[in-house]
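Peer 1: Following this line is entry26.cif, made up of mmCIF, C-alpha atoms (C1' of nucleotides):
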```
data_my_file
#
loop_
_atom_site.label_atom_id
_atom_site.label_comp_id
_atom_site.auth_asym_id
_atom_site.auth_seq_id
_atom_site.Cartn_x
_atom_site.Cartn_y
_atom_site.Cartn_z
CA MET A 1 4.48 -9.18 11.76
CA ALA A 2 1.41 -7.67 10.18
CA ARG A 3 2.10 -5.65 7.08
CA ILE A 4 -0.24 -2.96 5.84
CA LYS A 5 -2.32 -4.29 2.97
CA THR A 6 -1.65 -2.29 -0.14
CA ASP A 7 -3.90 -2.83 -3.15
CA ASN A 8 -2.55 -0.50 -5.79
CA ASN A 9 -2.19 2.28 -3.21
CA THR A 10 0.82 3.44 -1.29
CA ARG A 11 0.80 2.50 2.37
CA LYS A 12 0.59 6.17 3.15
CA ASP A 13 -2.67 6.42 1.23
CA VAL A 14 -4.07 3.56 3.25
CA ILE A 15 -3.18 5.40 6.44
CA VAL A 16 -4.61 8.70 5.24
CA SER A 17 -7.83 7.00 4.28
CA LYS A 18 -8.22 5.25 7.61
CA ALA A 19 -7.39 8.52 9.31
CA ALA A 20 -10.25 10.22 7.48
CA SER A 21 -12.62 7.60 8.75
CA LEU A 22 -11.36 7.86 12.29
CA PHE A 23 -11.20 11.65 12.39
CA ARG A 24 -14.75 11.75 11.10
CA GLU A 25 -15.96 9.34 13.75
CA LYS A 26 -14.20 10.73 16.80
CA GLY A 27 -12.92 14.14 15.80
CA PHE A 28 -9.27 14.95 15.18
CA LYS A 29 -8.30 15.61 18.77
CA ALA A 30 -10.12 12.63 20.21
CA ALA A 31 -8.69 10.20 17.67
CA SER A 32 -5.34 8.91 18.85
CA MET A 33 -2.47 7.56 16.83
CA ARG A 34 -2.93 4.30 18.71
CA ASP A 35 -6.54 4.17 17.51
CA LEU A 36 -5.34 4.78 13.99
CA ALA A 37 -2.67 2.14 14.28
CA GLU A 38 -5.24 -0.40 15.39
CA ALA A 39 -7.51 0.48 12.47
CA VAL A 40 -4.58 0.02 10.10
CA GLY A 41 -3.55 -3.18 11.82
CA VAL A 42 -0.13 -2.18 13.04
CA GLU A 43 1.64 -0.66 16.06
CA ALA A 44 1.50 3.10 16.57
CA ALA A 45 5.19 3.67 16.09
CA SER A 46 5.09 1.91 12.72
CA LEU A 47 2.90 4.61 11.27
CA TYR A 48 5.86 6.97 11.40
CA ASN A 49 7.65 5.00 8.71
CA HIS A 50 5.08 6.46 6.33
CA ILE A 51 3.96 9.80 7.68
CA LYS A 52 5.65 12.72 9.37
CA SER A 53 3.07 13.56 12.01
CA LYS A 54 -0.57 13.38 12.99
CA THR A 55 -1.09 16.90 11.71
CA GLU A 56 0.29 15.99 8.32
CA LEU A 57 -2.65 13.62 7.96
CA LEU A 58 -5.00 16.51 8.54
CA HIS A 59 -3.14 18.71 6.02
CA GLU A 60 -3.43 16.09 3.35
CA LEU A 61 -7.12 15.59 3.92
CA CYS A 62 -8.04 19.26 4.11
CA PHE A 63 -6.08 20.39 1.09
CA SER A 64 -6.94 17.52 -1.19
CA VAL A 65 -10.60 18.29 -0.62
CA ALA A 66 -10.14 22.03 -0.98
CA ASN A 67 -8.27 21.56 -4.24
CA ARG A 68 -11.03 19.48 -5.75
CA PHE A 69 -13.53 22.26 -5.09
CA LEU A 70 -11.23 24.94 -6.42
CA HIS A 71 -10.67 23.03 -9.64
CA LYS A 72 -14.38 22.60 -10.06
CA ILE A 73 -15.17 26.29 -9.65
CA ASP A 74 -12.36 27.12 -12.11
CA GLU A 75 -14.15 24.92 -14.62
CA VAL A 76 -17.65 26.19 -13.92
CA GLU A 77 -16.77 29.86 -14.07
CA LEU A 78 -15.59 29.46 -17.64
CA GLU A 79 -18.80 27.90 -18.90
CA LYS A 80 -21.11 29.93 -21.10
CA THR A 81 -24.38 29.35 -19.34
CA SER A 82 -26.82 30.97 -16.94
CA SER A 83 -25.88 31.77 -13.35
CA ILE A 84 -28.55 29.45 -12.05
CA ASN A 85 -27.11 26.65 -14.11
CA LYS A 86 -23.61 27.32 -12.78
CA ILE A 87 -24.89 27.26 -9.25
CA GLU A 88 -26.76 24.06 -9.84
CA LYS A 89 -23.61 22.48 -11.22
CA LEU A 90 -21.60 23.53 -8.20
CA LEU A 91 -24.27 22.30 -5.84
CA ARG A 92 -24.46 18.94 -7.57
CA PHE A 93 -20.70 18.65 -7.33
CA HIS A 94 -20.80 19.43 -3.62
CA ILE A 95 -23.59 16.96 -3.06
CA ASN A 96 -21.80 14.17 -4.90
CA GLU A 97 -18.53 14.83 -3.16
CA MET A 98 -20.35 14.66 0.14
CA ILE A 99 -22.05 11.43 -0.88
CA ASN A 100 -19.03 9.66 -2.37
CA HIS A 101 -16.13 11.04 -0.36
CA TYR A 102 -18.08 11.57 2.82
CA GLU A 103 -15.36 11.14 5.38
CA GLU A 104 -12.67 13.27 3.77
CA VAL A 105 -15.07 16.08 2.96
CA TYR A 106 -16.58 15.98 6.40
CA VAL A 107 -13.21 16.08 8.11
CA SER A 108 -12.05 18.93 5.93
CA ASP A 109 -15.22 20.80 6.82
CA ARG A 110 -15.24 20.27 10.57
CA GLU A 111 -11.69 19.70 11.69
CA TRP A 112 -9.70 22.33 9.83
CA LYS A 113 -9.59 24.38 13.02
CA HIS A 114 -6.91 22.03 14.27
CA LEU A 115 -4.54 22.88 11.46
CA SER A 116 -1.65 25.06 12.54
CA ASP A 117 -0.04 27.94 10.72
CA PRO A 118 0.93 28.36 7.98
CA TYR A 119 -1.52 25.69 6.86
CA LEU A 120 -4.33 27.18 8.88
CA SER A 121 -4.17 30.64 7.32
CA ASN A 122 -3.72 29.09 3.93
CA PHE A 123 -6.79 26.96 4.29
CA GLN A 124 -8.89 29.82 5.61
CA ASN A 125 -7.80 31.97 2.69
CA GLN A 126 -8.73 29.37 0.13
CA ARG A 127 -12.07 28.93 1.79
CA ARG A 128 -12.75 32.67 1.86
CA ILE A 129 -11.84 33.05 -1.77
CA TYR A 130 -13.95 30.08 -2.81
CA ARG A 131 -16.98 31.53 -1.09
CA LYS A 132 -16.43 34.91 -2.67
CA ARG A 133 -16.29 33.39 -6.12
CA PHE A 134 -19.46 31.44 -5.37
CA ALA A 135 -21.15 34.63 -4.14
CA ALA A 136 -20.05 36.46 -7.27
CA ILE A 137 -21.90 33.96 -9.44
CA ILE A 138 -25.02 34.53 -7.37
CA GLU A 139 -24.67 38.29 -7.65
CA THR A 140 -24.47 38.06 -11.42
CA GLY A 141 -27.63 35.99 -11.32
CA ILE A 142 -29.36 38.67 -9.29
CA ARG A 143 -28.38 41.38 -11.75
CA ASN A 144 -29.79 39.26 -14.58
CA ASN A 145 -33.05 38.74 -12.68
CA GLU A 146 -32.51 35.01 -12.72
CA ILE A 147 -32.19 35.07 -8.95
CA LYS A 148 -34.30 37.00 -6.48
CA PRO A 149 -32.64 39.89 -4.62
CA ILE A 150 -30.96 38.36 -1.61
CA ASP A 151 -27.68 38.77 0.20
CA ALA A 152 -25.30 36.59 -1.80
CA PRO A 153 -22.86 35.70 1.01
CA THR A 154 -25.80 34.57 3.13
CA ALA A 155 -27.06 32.43 0.28
CA VAL A 156 -23.64 30.81 -0.01
CA LEU A 157 -23.63 30.03 3.70
CA ILE A 158 -27.00 28.39 3.46
CA MET A 159 -26.08 26.29 0.44
CA LEU A 160 -22.79 25.01 1.76
CA HIS A 161 -24.00 24.24 5.24
CA ALA A 162 -27.19 22.66 3.99
CA ILE A 163 -25.13 20.23 1.95
CA SER A 164 -23.01 19.32 4.92
CA GLY A 165 -26.27 17.97 6.35
CA ILE A 166 -25.67 14.92 4.18
CA GLU A 167 -23.62 13.80 7.15
CA SER A 168 -26.91 13.00 8.89
CA TRP A 169 -28.12 11.14 5.83
CA HIS A 170 -25.08 8.90 5.97
CA ARG A 171 -25.61 8.10 9.62
CA SER A 172 -29.35 7.54 9.32
CA THR A 173 -30.77 4.03 9.13
CA GLN A 174 -33.57 4.73 6.69
CA LYS A 175 -31.78 6.39 3.81
CA ILE A 176 -33.53 7.43 0.65
CA ASN A 177 -31.27 6.61 -2.26
CA ALA A 178 -28.52 8.95 -3.38
CA GLU A 179 -30.21 10.17 -6.56
CA GLU A 180 -33.39 11.09 -4.71
CA LEU A 181 -31.34 12.86 -2.09
CA GLU A 182 -29.57 14.89 -4.76
CA GLU A 183 -32.79 15.85 -6.54
CA ASN A 184 -34.53 16.83 -3.32
CA MET A 185 -31.68 19.02 -2.24
CA ILE A 186 -31.41 20.71 -5.61
CA SER A 187 -35.14 21.29 -5.70
CA ILE A 188 -35.18 23.00 -2.33
CA LEU A 189 -31.97 24.94 -2.63
CA VAL A 190 -32.34 26.13 -6.22
CA GLY A 191 -36.05 26.67 -5.63
CA GLY A 192 -35.17 29.03 -2.81
CA LEU A 193 -33.05 31.19 -5.09
CA VAL A 194 -34.98 31.60 -8.31
CA ASN A 195 -37.05 34.60 -9.18
CA ARG A 196 -40.68 33.98 -10.07
CA MET B 197 -6.90 35.41 45.99
CA ALA B 198 -9.06 36.06 42.97
CA ARG B 199 -12.68 35.15 43.47
CA ILE B 200 -15.02 34.43 40.60
CA LYS B 201 -17.13 37.49 39.85
CA THR B 202 -20.75 36.66 40.34
CA ASP B 203 -23.31 39.20 39.17
CA ASN B 204 -26.67 37.65 40.01
CA ASN B 205 -25.48 34.31 38.70
CA THR B 206 -24.12 31.33 40.52
CA ARG B 207 -20.42 30.76 40.09
CA LYS B 208 -21.28 27.56 38.32
CA ASP B 209 -23.23 29.50 35.69
CA VAL B 210 -20.24 31.70 35.11
CA ILE B 211 -18.09 28.63 34.54
CA VAL B 212 -20.63 26.99 32.23
CA SER B 213 -20.88 30.15 30.19
CA LYS B 214 -17.12 30.51 29.80
CA ALA B 215 -16.96 26.83 28.94
CA ALA B 216 -19.42 27.36 26.11
CA SER B 217 -17.22 30.06 24.69
CA LEU B 218 -14.10 27.97 25.00
CA PHE B 219 -15.60 24.77 23.67
CA ARG B 220 -16.93 26.71 20.70
CA GLU B 221 -13.55 28.21 19.98
CA LYS B 222 -11.32 25.16 20.39
CA GLY B 223 -13.66 22.19 20.46
CA PHE B 224 -14.46 20.18 23.57
CA LYS B 225 -11.46 17.89 23.45
CA ALA B 226 -8.94 20.56 22.66
CA ALA B 227 -10.15 22.90 25.39
CA SER B 228 -8.41 22.08 28.65
CA MET B 229 -9.57 22.70 32.17
CA ARG B 230 -6.52 24.89 32.61
CA ASP B 231 -7.66 26.99 29.65
CA LEU B 232 -11.06 27.28 31.22
CA ALA B 233 -9.60 28.20 34.60
CA GLU B 234 -7.61 30.98 33.01
CA ALA B 235 -10.71 32.33 31.26
CA VAL B 236 -12.56 32.30 34.56
CA GLY B 237 -9.63 33.86 36.38
CA VAL B 238 -8.81 31.08 38.81
CA GLU B 239 -6.67 27.95 39.16
CA ALA B 240 -7.80 24.75 37.48
CA ALA B 241 -8.35 22.84 40.70
CA SER B 242 -10.66 25.55 42.02
CA LEU B 243 -13.21 24.83 39.31
CA TYR B 244 -13.98 21.55 41.01
CA ASN B 245 -15.52 23.36 43.97
CA HIS B 246 -18.39 24.18 41.60
CA ILE B 247 -18.60 21.44 39.01
CA LYS B 248 -18.27 17.68 39.07
CA SER B 249 -16.33 17.14 35.87
CA LYS B 250 -15.49 18.52 32.46
CA THR B 251 -18.15 16.32 30.92
CA GLU B 252 -20.79 17.74 33.23
CA LEU B 253 -20.20 21.08 31.56
CA LEU B 254 -20.99 19.52 28.21
CA HIS B 255 -24.15 17.86 29.57
CA GLU B 256 -25.46 21.13 30.88
CA LEU B 257 -24.82 22.93 27.63
CA CYS B 258 -26.26 20.25 25.36
CA PHE B 259 -29.41 19.60 27.32
CA SER B 260 -30.27 23.19 28.11
CA VAL B 261 -30.19 23.91 24.38
CA ALA B 262 -32.11 20.77 23.46
CA ASN B 263 -34.80 21.58 26.00
CA ARG B 264 -35.34 25.04 24.60
CA PHE B 265 -36.01 23.60 21.15
CA LEU B 266 -38.29 20.91 22.50
CA HIS B 267 -40.37 23.45 24.40
CA LYS B 268 -40.68 25.55 21.29
CA ILE B 269 -41.91 22.72 19.12
CA ASP B 270 -44.41 21.74 21.84
CA GLU B 271 -45.77 25.26 21.57
CA VAL B 272 -45.78 25.48 17.78
CA GLU B 273 -47.47 22.13 17.22
CA LEU B 274 -50.51 23.31 19.19
CA GLU B 275 -51.04 26.44 17.15
CA LYS B 276 -53.99 26.61 14.74
CA THR B 277 -52.22 27.82 11.65
CA SER B 278 -50.81 26.63 8.33
CA SER B 279 -47.89 24.23 8.15
CA ILE B 280 -45.80 26.79 6.33
CA ASN B 281 -46.42 29.24 9.12
CA LYS B 282 -45.41 26.70 11.74
CA ILE B 283 -42.23 25.94 9.89
CA GLU B 284 -41.45 29.61 9.53
CA LYS B 285 -41.92 30.07 13.26
CA LEU B 286 -39.59 27.19 14.05
CA LEU B 287 -37.01 28.47 11.61
CA ARG B 288 -37.14 31.96 13.07
CA PHE B 289 -36.69 30.49 16.51
CA HIS B 290 -33.68 28.50 15.36
CA ILE B 291 -32.20 31.51 13.66
CA ASN B 292 -32.61 33.73 16.71
CA GLU B 293 -31.23 31.12 19.06
CA MET B 294 -28.23 30.80 16.79
CA ILE B 295 -27.81 34.56 16.71
CA ASN B 296 -28.32 35.28 20.40
CA HIS B 297 -27.01 32.15 22.08
CA TYR B 298 -24.43 31.34 19.47
CA GLU B 299 -21.85 29.58 21.57
CA GLU B 300 -24.14 27.27 23.51
CA VAL B 301 -26.14 26.30 20.45
CA TYR B 302 -23.03 25.74 18.41
CA VAL B 303 -21.43 23.58 21.07
CA SER B 304 -24.59 21.55 21.49
CA ASP B 305 -24.67 21.06 17.73
CA ARG B 306 -21.07 20.09 17.15
CA GLU B 307 -19.72 18.62 20.33
CA TRP B 308 -22.48 16.29 21.52
CA LYS B 309 -20.46 13.38 20.18
CA HIS B 310 -18.25 13.67 23.23
CA LEU B 311 -21.07 13.00 25.63
CA SER B 312 -20.95 9.57 27.19
CA ASP B 313 -23.79 7.20 27.93
CA PRO B 314 -26.43 7.46 29.22
CA TYR B 315 -26.33 11.12 28.25
CA LEU B 316 -25.25 10.36 24.72
CA SER B 317 -28.15 8.02 23.89
CA ASN B 318 -30.53 10.39 25.58
CA PHE B 319 -29.38 13.32 23.54
CA GLN B 320 -29.47 11.36 20.29
CA ASN B 321 -33.00 10.25 21.05
CA GLN B 322 -34.22 13.76 21.73
CA ARG B 323 -32.62 14.90 18.53
CA ARG B 324 -34.18 12.11 16.49
CA ILE B 325 -37.59 12.78 17.93
CA TYR B 326 -37.33 16.50 17.35
CA ARG B 327 -36.48 15.97 13.72
CA LYS B 328 -39.35 13.54 13.25
CA ARG B 329 -41.80 16.04 14.66
CA PHE B 330 -40.36 18.71 12.39
CA ALA B 331 -40.68 16.38 9.42
CA ALA B 332 -44.27 15.56 10.37
CA ILE B 333 -45.20 19.24 10.08
CA ILE B 334 -43.65 19.34 6.63
CA GLU B 335 -45.52 16.21 5.59
CA THR B 336 -48.81 17.73 6.64
CA GLY B 337 -47.94 20.75 4.55
CA ILE B 338 -47.29 18.54 1.55
CA ARG B 339 -50.65 16.80 1.93
CA ASN B 340 -52.33 20.24 2.05
CA ASN B 341 -50.51 21.33 -1.11
CA GLU B 342 -48.90 24.18 0.80
CA ILE B 343 -45.51 22.57 0.28
CA LYS B 344 -44.17 20.97 -2.87
CA PRO B 345 -43.70 17.19 -2.85
CA ILE B 346 -40.27 16.57 -1.36
CA ASP B 347 -38.72 14.14 1.06
CA ALA B 348 -39.52 15.66 4.43
CA PRO B 349 -36.54 14.30 6.39
CA THR B 350 -34.23 15.68 3.72
CA ALA B 351 -35.91 19.05 4.00
CA VAL B 352 -35.38 19.02 7.76
CA LEU B 353 -31.70 18.26 7.28
CA ILE B 354 -31.30 21.14 4.92
CA MET B 355 -33.10 23.60 7.15
CA LEU B 356 -31.27 22.75 10.34
CA HIS B 357 -27.84 22.59 8.81
CA ALA B 358 -28.38 25.74 6.79
CA ILE B 359 -29.12 27.60 9.99
CA SER B 360 -26.00 26.32 11.64
CA GLY B 361 -24.20 28.29 8.93
CA ILE B 362 -24.85 31.36 11.06
CA GLU B 363 -21.63 30.29 12.71
CA SER B 364 -19.79 31.69 9.69
CA TRP B 365 -21.79 34.89 9.93
CA HIS B 366 -20.63 35.38 13.49
CA ARG B 367 -17.01 34.87 12.56
CA SER B 368 -17.14 37.06 9.46
CA THR B 369 -15.84 40.60 9.55
CA GLN B 370 -18.41 42.16 7.27
CA LYS B 371 -21.67 41.11 8.86
CA ILE B 372 -25.02 42.21 7.52
CA ASN B 373 -27.25 42.99 10.47
CA ALA B 374 -29.19 40.33 12.31
CA GLU B 375 -32.63 41.26 10.97
CA GLU B 376 -31.44 41.16 7.37
CA LEU B 377 -29.78 37.84 8.01
CA GLU B 378 -32.99 36.42 9.39
CA GLU B 379 -35.11 37.67 6.49
CA ASN B 380 -32.68 36.42 3.88
CA MET B 381 -32.56 32.99 5.41
CA ILE B 382 -36.32 32.76 5.71
CA SER B 383 -36.74 33.93 2.14
CA ILE B 384 -34.44 31.28 0.75
CA LEU B 385 -35.47 28.40 2.99
CA VAL B 386 -39.22 28.96 2.96
CA GLY B 387 -39.01 29.88 -0.72
CA GLY B 388 -37.46 26.50 -1.40
CA LEU B 389 -40.39 24.67 0.16
CA VAL B 390 -43.53 26.38 -1.07
CA ASN B 391 -45.67 25.14 -3.90
CA ARG B 392 -46.30 27.58 -6.70
"C1'" DA C 393 -16.56 38.61 67.73
"C1'" DA C 394 -16.77 33.65 67.14
"C1'" DA C 395 -18.12 29.74 64.49
"C1'" DT C 396 -19.05 27.65 60.22
"C1'" DA C 397 -19.49 26.89 55.58
"C1'" DT C 398 -17.69 28.41 51.14
"C1'" DC C 399 -14.06 29.13 48.07
"C1'" DG C 400 -9.30 29.19 46.11
"C1'" DC C 401 -4.59 27.74 46.41
"C1'" DT C 402 -0.37 24.52 45.91
"C1'" DA C 403 1.16 20.11 44.98
"C1'" DA C 404 0.73 16.00 43.15
"C1'" DC C 405 -1.42 11.76 41.09
"C1'" DA C 406 -2.24 8.49 37.31
"C1'" DT C 407 -3.21 8.37 32.37
"C1'" DT C 408 -2.89 9.29 27.88
"C1'" DC C 409 -0.78 11.49 24.23
"C1'" DG C 410 2.50 12.16 20.02
"C1'" DT C 411 6.79 10.87 18.88
"C1'" DT C 412 11.79 8.90 18.73
"C1'" DA C 413 15.59 5.43 19.09
"C1'" DG C 414 17.16 1.18 18.25
"C1'" DT C 415 16.52 -3.40 16.54
"C1'" DA C 416 14.49 -7.25 14.19
"C1'" DT C 417 12.07 -8.99 10.11
"C1'" DC C 418 10.42 -9.07 5.54
"C1'" DC C 419 10.59 -8.11 0.51
"C1'" DT C 420 13.03 -7.20 -3.70
"C1'" DA C 421 16.75 -6.87 -6.86
"C1'" DT C 422 21.08 -8.41 -8.10
"C1'" DA D 423 21.70 -16.89 -2.28
"C1'" DT D 424 22.60 -12.61 -0.52
"C1'" DA D 425 22.77 -7.61 0.13
"C1'" DG D 426 20.12 -3.61 1.04
"C1'" DG D 427 16.25 -1.07 1.62
"C1'" DA D 428 11.59 -0.94 3.36
"C1'" DT D 429 8.77 -1.94 7.07
"C1'" DA D 430 7.31 -3.37 11.72
"C1'" DC D 431 8.35 -4.14 16.52
"C1'" DT D 432 9.49 -3.06 21.62
"C1'" DA D 433 10.58 0.30 24.82
"C1'" DA D 434 10.62 4.55 26.37
"C1'" DC D 435 10.56 9.76 26.51
"C1'" DG D 436 8.55 14.23 27.91
"C1'" DA D 437 4.55 16.84 27.84
"C1'" DA D 438 -0.22 17.62 28.71
"C1'" DT D 439 -4.50 16.12 30.62
"C1'" DG D 440 -8.47 15.55 34.21
"C1'" DT D 441 -8.84 15.19 38.83
"C1'" DT D 442 -8.00 14.74 44.07
"C1'" DA D 443 -6.11 15.84 48.75
"C1'" DG D 444 -5.07 18.97 52.11
"C1'" DC D 445 -4.65 23.53 53.74
"C1'" DG D 446 -5.32 28.45 54.14
"C1'" DA D 447 -8.19 32.46 53.17
"C1'" DT D 448 -12.62 34.61 52.82
"C1'" DA D 449 -17.46 35.35 53.42
"C1'" DT D 450 -21.67 34.43 56.10
"C1'" DT D 451 -24.28 33.34 60.03
"C1'" DT D 452 -24.98 33.37 64.86
#
```
Re-express the file's structure as structure tokens.
Peer 2:
Amino acid sequence: MARIKTDNNTRKDVIVSKAASLFREKGFKAASMRDLAEAVGVEAASLYNHIKSKTELLHELCFSVANRFLHKIDEVELEKTSSINKIEKLLRFHINEMINHYEEVYVSDREWKHLSDPYLSNFQNQRRIYRKRFAAIIETGIRNNEIKPIDAPTAVLIMLHAISGIESWHRSTQKINAEELEENMISILVGGLVNR
Amino acid sequence: MARIKTDNNTRKDVIVSKAASLFREKGFKAASMRDLAEAVGVEAASLYNHIKSKTELLHELCFSVANRFLHKIDEVELEKTSSINKIEKLLRFHINEMINHYEEVYVSDREWKHLSDPYLSNFQNQRRIYRKRFAAIIETGIRNNEIKPIDAPTAVLIMLHAISGIESWHRSTQKINAEELEENMISILVGGLVNR
DNA sequence: AAATATCGCTAACATTCGTTAGTATCCTAT
DNA sequence: ATAGGATACTAACGAATGTTAGCGATATTT
């Protein structure tokens, strides 16, 4: 009888983590609980000793990621620094999250559609609010002439989606290293905003 | 008995088009043939008088989109103009495709994973080649000092993913108009590349 | 008007899915 | 050593899925 290996984590955490990897690879709907069980090294029914449902796995992933970003923007908003600097900090956080917690972040980004209410509405709300706060920082930057006059919500779209492109970096065979990736992205994205 | 309405299109085209809309909304796996049948106004089994399989629908969508982009880059590569101008032309094409053929382009972008070989490898190859050709234009621009020294594949990632953010524009309630969207995106993306 | 090909329907199929019930096994604390 | 809780197993369920077969209705051609 094959027990789930647990190194300082709960068995549930092991399952959630494997789920992230599987949902990223196949998509939430295409990944079956039997797939997940095999990845964990156990029979499908055994998973239910640790989790309530397949959807619960998605909840956990989506909201843990969303909360990390919300905490970060809480922190950044309070800083006494230029708008451009705040944006750069947020972008660097996004980039590093995408580099270091690839699978969770990716799943949260692409698979949230499969949440069901009330989680779905909740998630969408958090997302909307986050983007508005991000846009507000950009708008302040425009008023200060740090940033060229552009539509702030559009700029937010571009930034966030551009960063999700790191997905392709992960899957590519000839990767530049992570630091270079970060600097290149910052150079292009921040360079596209600044007034000169 | 409710026949499929066909205004100058084949019935198959009607089905493919509704499939695009449905796959975009729910994702390929989550969209069922019964859903599609309902959208078309017919019973599920009747669809099979016009198509071979659910996957065939995905093939058609993915490759018709991919071919449009390949034709465009064929055309742009031959032009006698600056690299920056070529890139701007490609970006504008991407943006307009994403605005005007939203659902097909989106599905091709997000759901190609569910293709099966040999279609899958084929699609991945086309995609890889397209991105290399795009990167080659950027690299020429860097050598000419039109574009600042950056990693070209990373720049391609950013551009393409940024444009896929138009998805959020479509779903948003307060849309700026399409022309403004295009100009804002060009301003930020091209602005992030140029040497000054 | 008759003949033929096209199209849509009902019914059903084999599979796969998420999940539950019930039981055996393992680990831990007394 | 043993009791009790945690964990895994086998078996099975009902529902949903893609797809096929066979038949009737409709449009098109002769």
Peer 1: Please write the residues picked by the PyMOL selection byres ((chain C) within 10 of (chain B)) on this file as a list of chain:residue names.
Peer 2: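 After applying the PyMOL selection byres ((chain C) within 10 of (chain B)), what remains is C:DT398, C:DC399, C:DG400, C:DC401, C:DT402.
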Peer 1: Could those selected residues go to a file with C-alpha atoms (C1' of nucleotides), as a CSV table (one decimal), keeping the file's coordinate frame?
Peer 2:
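Resulting contents of part23.csv:
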```csv
chain,number,residue,atom,x,y,z
C,398,DT,C1',-17.7,28.4,51.1
C,399,DC,C1',-14.1,29.1,48.1
C,400,DG,C1',-9.3,29.2,46.1
C,401,DC,C1',-4.6,27.7,46.4
C,402,DT,C1',-0.4,24.5,45.9
```
Peer 1: Residue by residue, what does the PyMOL selection byres ((chain A) within 9 of (chain B)) grab here? Present the result as a PDB file with C-alpha atoms, in the frame of the given file.
Peer 2:
```
ATOM      1  CA  GLU A  25     -15.960   9.340  13.750  1.00  0.00           C
ATOM      2  CA  LYS A  26     -14.200  10.730  16.800  1.00  0.00           C
ATOM      3  CA  GLY A  27     -12.920  14.140  15.800  1.00  0.00           C
ATOM      4  CA  LYS A  29      -8.300  15.610  18.770  1.00  0.00           C
ATOM      5  CA  ALA A  30     -10.120  12.630  20.210  1.00  0.00           C
ATOM      6  CA  ARG A 110     -15.240  20.270  10.570  1.00  0.00           C
ATOM      7  CA  LYS A 113      -9.590  24.380  13.020  1.00  0.00           C
ATOM      8  CA  HIS A 114      -6.910  22.030  14.270  1.00  0.00           C
ATOM      9  CA  ILE A 150     -30.960  38.360  -1.610  1.00  0.00           C
ATOM     10  CA  ASP A 151     -27.680  38.770   0.200  1.00  0.00           C
ATOM     11  CA  THR A 154     -25.800  34.570   3.130  1.00  0.00           C
ATOM     12  CA  ALA A 155     -27.060  32.430   0.280  1.00  0.00           C
ATOM     13  CA  LEU A 157     -23.630  30.030   3.700  1.00  0.00           C
ATOM     14  CA  ILE A 158     -27.000  28.390   3.460  1.00  0.00           C
ATOM     15  CA  MET A 159     -26.080  26.290   0.440  1.00  0.00           C
ATOM     16  CA  LEU A 160     -22.790  25.010   1.760  1.00  0.00           C
ATOM     17  CA  HIS A 161     -24.000  24.240   5.240  1.00  0.00           C
ATOM     18  CA  ALA A 162     -27.190  22.660   3.990  1.00  0.00           C
ATOM     19  CA  ILE A 163     -25.130  20.230   1.950  1.00  0.00           C
ATOM     20  CA  SER A 164     -23.010  19.320   4.920  1.00  0.00           C
ATOM     21  CA  GLY A 165     -26.270  17.970   6.350  1.00  0.00           C
ATOM     22  CA  ILE A 166     -25.670  14.920   4.180  1.00  0.00           C
ATOM     23  CA  SER A 168     -26.910  13.000   8.890  1.00  0.00           C
ATOM     24  CA  TRP A 169     -28.120  11.140   5.830  1.00  0.00           C
ATOM     25  CA  ILE A 176     -33.530   7.430   0.650  1.00  0.00           C
ATOM     26  CA  GLU A 180     -33.390  11.090  -4.710  1.00  0.00           C
ATOM     27  CA  LEU A 181     -31.340  12.860  -2.090  1.00  0.00           C
ATOM     28  CA  ASN A 184     -34.530  16.830  -3.320  1.00  0.00           C
ATOM     29  CA  MET A 185     -31.680  19.020  -2.240  1.00  0.00           C
ATOM     30  CA  SER A 187     -35.140  21.290  -5.700  1.00  0.00           C
ATOM     31  CA  ILE A 188     -35.180  23.000  -2.330  1.00  0.00           C
ATOM     32  CA  LEU A 189     -31.970  24.940  -2.630  1.00  0.00           C
ATOM     33  CA  VAL A 190     -32.340  26.130  -6.220  1.00  0.00           C
ATOM     34  CA  GLY A 191     -36.050  26.670  -5.630  1.00  0.00           C
ATOM     35  CA  GLY A 192     -35.170  29.030  -2.810  1.00  0.00           C
ATOM     36  CA  LEU A 193     -33.050  31.190  -5.090  1.00  0.00           C
ATOM     37  CA  VAL A 194     -34.980  31.600  -8.310  1.00  0.00           C
TER      38      VAL A 194
END
```
Peer 1: Could you tell me which residues the PyMOL selection byres ((chain D) within 9 of (chain B)) returns for this structure, as number ranges by chain?
Peer 2: D: 439-442, 447-448
Peer 1: With only C-alpha atoms (C1' of nucleotides) as the counted atoms, please give the residues lying no more than 12 Å from DG414 (chain C), apart from itself and same-chain residues fewer than 5 positions off, as number ranges by chain.
Peer 2: D: 431-434
Peer 1: What is the CA of Gly337 (chain B) to CA of Ser279 (chain B) distance in Å?
Peer 2: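 Atom-to-atom, CA of Gly337 (chain B) and CA of Ser279 (chain B) are spaced 5.0 Å apart.
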Peer 1: Extract, using only C-alpha atoms (C1' of nucleotides), all DNA, RNA and protein residues at most 12 Å from DT451 (chain D), discarding same-chain residues fewer than 2 positions from it, and format them as a list of chain:residue names.
Peer 2: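 Near DT451 (chain D), the qualifying residues are C:DA394, C:DA395, C:DT396, C:DA397, D:DA449.
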Peer 1: What does the structure give for the distance between CA of Gln370 (chain B) and CA of Gln124 (chain A), in Å to one decimal?
Peer 2: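 Atom-to-atom, CA of Gln370 (chain B) and CA of Gln124 (chain A) are spaced 15.7 Å apart.
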Peer 1: Which residues come within 10 Å of DC418 (chain C), counting only C-alpha atoms (C1' of nucleotides), excluding same-chain residues fewer than 2 positions away, as a list in words?
Peer 2: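 So, after excluding close chain neighbours, the residues are Met1 and Arg3 of chain A; DA416 and DT420 of chain C; DA428, DT429 and DA430 of chain D.
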